[in-house]
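Heads up, the thing below is written out as structure tokens.
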Amino acid sequence: MRIGTNLVEPGPGSTDPIADLTATLQRAKDDGFSSAWLPNIFGLDALTALALAGRNVPDIEVGTAVVPTYPRHPMALAQHALTAQAALGGRLVLGIGLSHQIVIEGMFGFSFDKPARHMREYLSVLLPLVREGTVSFKGEPLSANGTLNVPGASPFPVLLAALAPRMLELAGGMADGTVLWMTGPKTIESHIVPAIAAAAEKAGRPSPRVVCSLPVCVTDDPDGARARAAKVFSIYGQLPSYRAMLEKEGAETPADVAIVGDEVSVRQQIEAVDAAGATDFAAAEFAAVGEERNRTRALLKSLL
């Protein structure tokens with residue numbers, strides 16, 4: 001299992017967020033992580049930021065986790081991502097996802113009706129453009145006919161944030177795998193890996209990547225760390241898709257799937273993710289104080 005890290009987006013006080021992100025990415029590369037992942041929420045545009053920062057930091061894979069699909073036509077996203085791939089010299093992983101009904105309908109004003117159909121048609125446009133540079137597809141909400149020719153670009157993996165059965169079928173049967181959040185090892189082993197592997201085999205696709213991302217903190221105060229995780233990540237216990245994964249895991253809150261404890265305990269918990277079938281682990285480090293941050297990073301480096 002490859003070990004990566006989640007990049008923390010510079011805060012609102014940053015006067016040069018790209019420089020700050022570049023420094024964070026450089027540290028991840030220097031520490032030996034195989035990959036670094038940036039969310040695309042309501043701050044920096046992840047693809048643009050990674051293209052700018054990653055161009056100055058070679059030899060580390062960079063990925064989006066994840067870009068919401070509804071606000072971007074798949075042909076426009078393909079062009080954006082291929083341009084980022086050219087800037088990065090071929091190190092991009094494009095993670096995409098539906099986002100959530102409360103965001104898509106409440107903020108963007110789009111219909112969240114039939115999300116699996118939306119994603120199937122989205123991939124039917126995006127993937128041919130990424131892989132062959134051309135597309136001709138007519139669907140119900142989405143259609144596209146055209147060619148992209150981005151100098152210096154090459155095909156790159158597309159991972160789908162997939163938790164429900166139909167989304168896992170798309171992640172394995174069409175895309176190159178999945179990128180997960182707030183999904184514990186029991187659920188990965190019993191639900192995610194069997195479904196996505198079966199879909200890939202049925203479609204004659206290569207073995208899919210399964211990127212697991214969970215909060216991590218090495219500490220001598222696990223109760224305090226879990227209390228902090230319960231507060232920091234509380235929203236993920238309320239969103240239906242993550243709520244369903246927590247229930248499959250037998251977890252009441254996001255704090256229950258956070259990886260916390262001393263070095264031995266955290267190592268064992270990450271090894272359980274490996275044993276469950278994940279191909280990659282992206283650590284979301286959330287230590288509160290300097291000592292915990294240093295111990296967490298040291299433990300992760302020891303796994304490399």
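Following the order of the structure tokens, first chain is A, next is B, and so on, with residues numbered from 1 inside each chain and ligands from 1 in the order they appear.
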Identify, with DSSP run on backbone atoms, the residues in region 187-267 of chain A assigned to helix (DSSP H, G or I), and express the list as JSON, numbers by chain. {"A": [187, 188, 189, 190, 191, 192, 193, 194, 195, 196, 197, 198, 199, 200, 201, 202, 203, 222, 223, 224, 225, 226, 227, 228, 229, 230, 231, 232, 234, 235, 236, 237, 240, 241, 242, 243, 244, 245, 246, 247, 248, 249, 254, 255, 256, 263, 264, 265, 266, 267]}
May I have the residues within 10 Å of Pro128 (chain A) as a list in words, using only C-alpha atoms and disregarding those fewer than 6 positions away in the same chain?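 Once the adjacent positions are removed, what remains is Met75, Ala78, Thr134, Val135, Ser136, Phe137, Thr147 and Pro155 of chain A.
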Hey, can you spit out that residue selection with C-alpha atoms as a PDB file, in the first residue's frame?
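Output file result_14.pdb follows:
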```
ATOM      1  CA  MET A  75     -15.310  18.596 -21.795  1.00  0.00           C
ATOM      2  CA  ALA A  78     -11.006  17.423 -19.414  1.00  0.00           C
ATOM      3  CA  THR A 134     -11.871  12.869 -28.783  1.00  0.00           C
ATOM      4  CA  VAL A 135     -15.498  12.184 -27.910  1.00  0.00           C
ATOM      5  CA  SER A 136     -18.869  11.711 -29.568  1.00  0.00           C
ATOM      6  CA  PHE A 137     -21.605  11.070 -27.039  1.00  0.00           C
ATOM      7  CA  THR A 147     -11.532  16.928 -29.880  1.00  0.00           C
ATOM      8  CA  PRO A 155      -3.601  10.346 -20.246  1.00  0.00           C
TER       9      PRO A 155
END
```
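Residue neighbourhood of Ala162 (chain A), excluding near-sequence residues (fewer than 4 positions): Met167, Leu168, Ala171 and Thr178 of chain A, at 7 Å, using only C-alpha atoms.
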Same residues, C-alpha atoms, saved as a PDB file, in the first residue's frame:
```pdb
ATOM      1  CA  MET A 167     -21.098   4.401  -8.125  1.00  0.00           C
ATOM      2  CA  LEU A 168     -18.664   1.602  -7.291  1.00  0.00           C
ATOM      3  CA  ALA A 171     -15.488   3.444 -10.494  1.00  0.00           C
ATOM      4  CA  THR A 178     -11.977   5.212  -6.200  1.00  0.00           C
TER       5      THR A 178
END
```
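With distances restricted to only C-alpha atoms, A:Ser35 is the closest residue to Met1 (chain A) from A:Ala65, A:Thr48, A:Ser35, A:Gly109.
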With only C-alpha atoms as the basis for distance, which of A:Val211, A:Ala53, A:Met182, A:Ala278 is at the shortest distance from Glu247 (chain A)? A:Met182
Leu47 (chain A): which residues within 8 Å, counting only C-alpha atoms, same-chain residues fewer than 5 positions away excluded, as JSON, numbers by chain? {"A": [64, 80, 81, 84]}
Those same residues - N, CA and C atoms - I'd like them written as an mmCIF file, in the first residue's frame.
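Printed below is again-v4.cif as written:
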```
data_model
loop_
_atom_site.group_PDB
_atom_site.id
_atom_site.type_symbol
_atom_site.label_atom_id
_atom_site.label_comp_id
_atom_site.auth_asym_id
_atom_site.auth_seq_id
_atom_site.Cartn_x
_atom_site.Cartn_y
_atom_site.Cartn_z
ATOM 1 N N THR A 64 -6.407 15.376 -7.043
ATOM 2 C CA THR A 64 -7.538 16.120 -6.511
ATOM 3 C C THR A 64 -8.452 15.166 -5.770
ATOM 4 N N HIS A 80 -9.195 21.366 -18.725
ATOM 5 C CA HIS A 80 -8.523 21.901 -17.535
ATOM 6 C C HIS A 80 -7.517 20.884 -16.991
ATOM 7 N N ALA A 81 -7.954 19.642 -16.859
ATOM 8 C CA ALA A 81 -7.097 18.613 -16.275
ATOM 9 C C ALA A 81 -5.936 18.251 -17.195
ATOM 10 N N ALA A 84 -3.362 20.874 -16.736
ATOM 11 C CA ALA A 84 -2.629 20.642 -15.493
ATOM 12 C C ALA A 84 -1.649 19.483 -15.638
#
```
Arg131 (chain A) environment, 8 Å, only C-alpha atoms, sequence neighbours closer than 2 positions dropped, as a ChimeraX atom specification: /A:127-129,133,154-156
Quick one: residues within 8 Å of Thr187 (chain A), only C-alpha atoms, excluding same-chain residues fewer than 4 positions away - as a PyMOL selection string? chain A and resi 183+191-192+245+248-249
Residue contacts of Val179 (chain A) (10 Å, only C-alpha atoms) excluding same-chain residues fewer than 4 positions away, as a PyMOL selection string: chain A and resi 63-66+94-97+158-163+171+209-213+278+280-282
Residues from last step as file, C-alpha atoms, as an mmCIF file, in the first residue's frame:
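Here's the written file again-v5.cif:
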```cif
data_model
loop_
_atom_site.group_PDB
_atom_site.id
_atom_site.type_symbol
_atom_site.label_atom_id
_atom_site.label_comp_id
_atom_site.auth_asym_id
_atom_site.auth_seq_id
_atom_site.Cartn_x
_atom_site.Cartn_y
_atom_site.Cartn_z
ATOM 1 C CA GLY A 63 -4.235 14.359 -6.994
ATOM 2 C CA THR A 64 -7.538 16.120 -6.511
ATOM 3 C CA ALA A 65 -9.787 14.723 -3.794
ATOM 4 C CA VAL A 66 -12.186 15.586 -5.272
ATOM 5 C CA LEU A 94 -7.924 13.429 -11.238
ATOM 6 C CA GLY A 95 -10.327 12.584 -8.450
ATOM 7 C CA ILE A 96 -13.919 13.572 -9.188
ATOM 8 C CA GLY A 97 -17.189 13.184 -7.329
ATOM 9 C CA VAL A 158 -9.419 9.235 -13.129
ATOM 10 C CA LEU A 159 -10.681 8.144 -9.718
ATOM 11 C CA LEU A 160 -14.303 8.407 -8.662
ATOM 12 C CA ALA A 161 -15.469 9.162 -5.133
ATOM 13 C CA ALA A 162 -17.686 6.099 -4.889
ATOM 14 C CA LEU A 163 -19.529 4.642 -1.910
ATOM 15 C CA ALA A 171 -15.488 3.444 -10.494
ATOM 16 C CA ARG A 209 -6.908 1.794 -7.243
ATOM 17 C CA VAL A 210 -8.578 2.183 -3.856
ATOM 18 C CA VAL A 211 -7.316 5.330 -2.142
ATOM 19 C CA CYS A 212 -8.358 5.476 1.512
ATOM 20 C CA SER A 213 -8.112 8.779 3.354
ATOM 21 C CA ALA A 278 -6.631 -0.414 -0.102
ATOM 22 C CA ASP A 280 -3.149 3.778 -1.245
ATOM 23 C CA PHE A 281 -3.493 5.507 2.095
ATOM 24 C CA ALA A 282 -3.701 9.316 2.180
#
```
Going by DSSP on the backbone, which residues of region 79-175 of chain A come out as strand (DSSP E)? List them as an MDAnalysis selection string. chainID A and resid 92:97 134:138 143:147 158:160
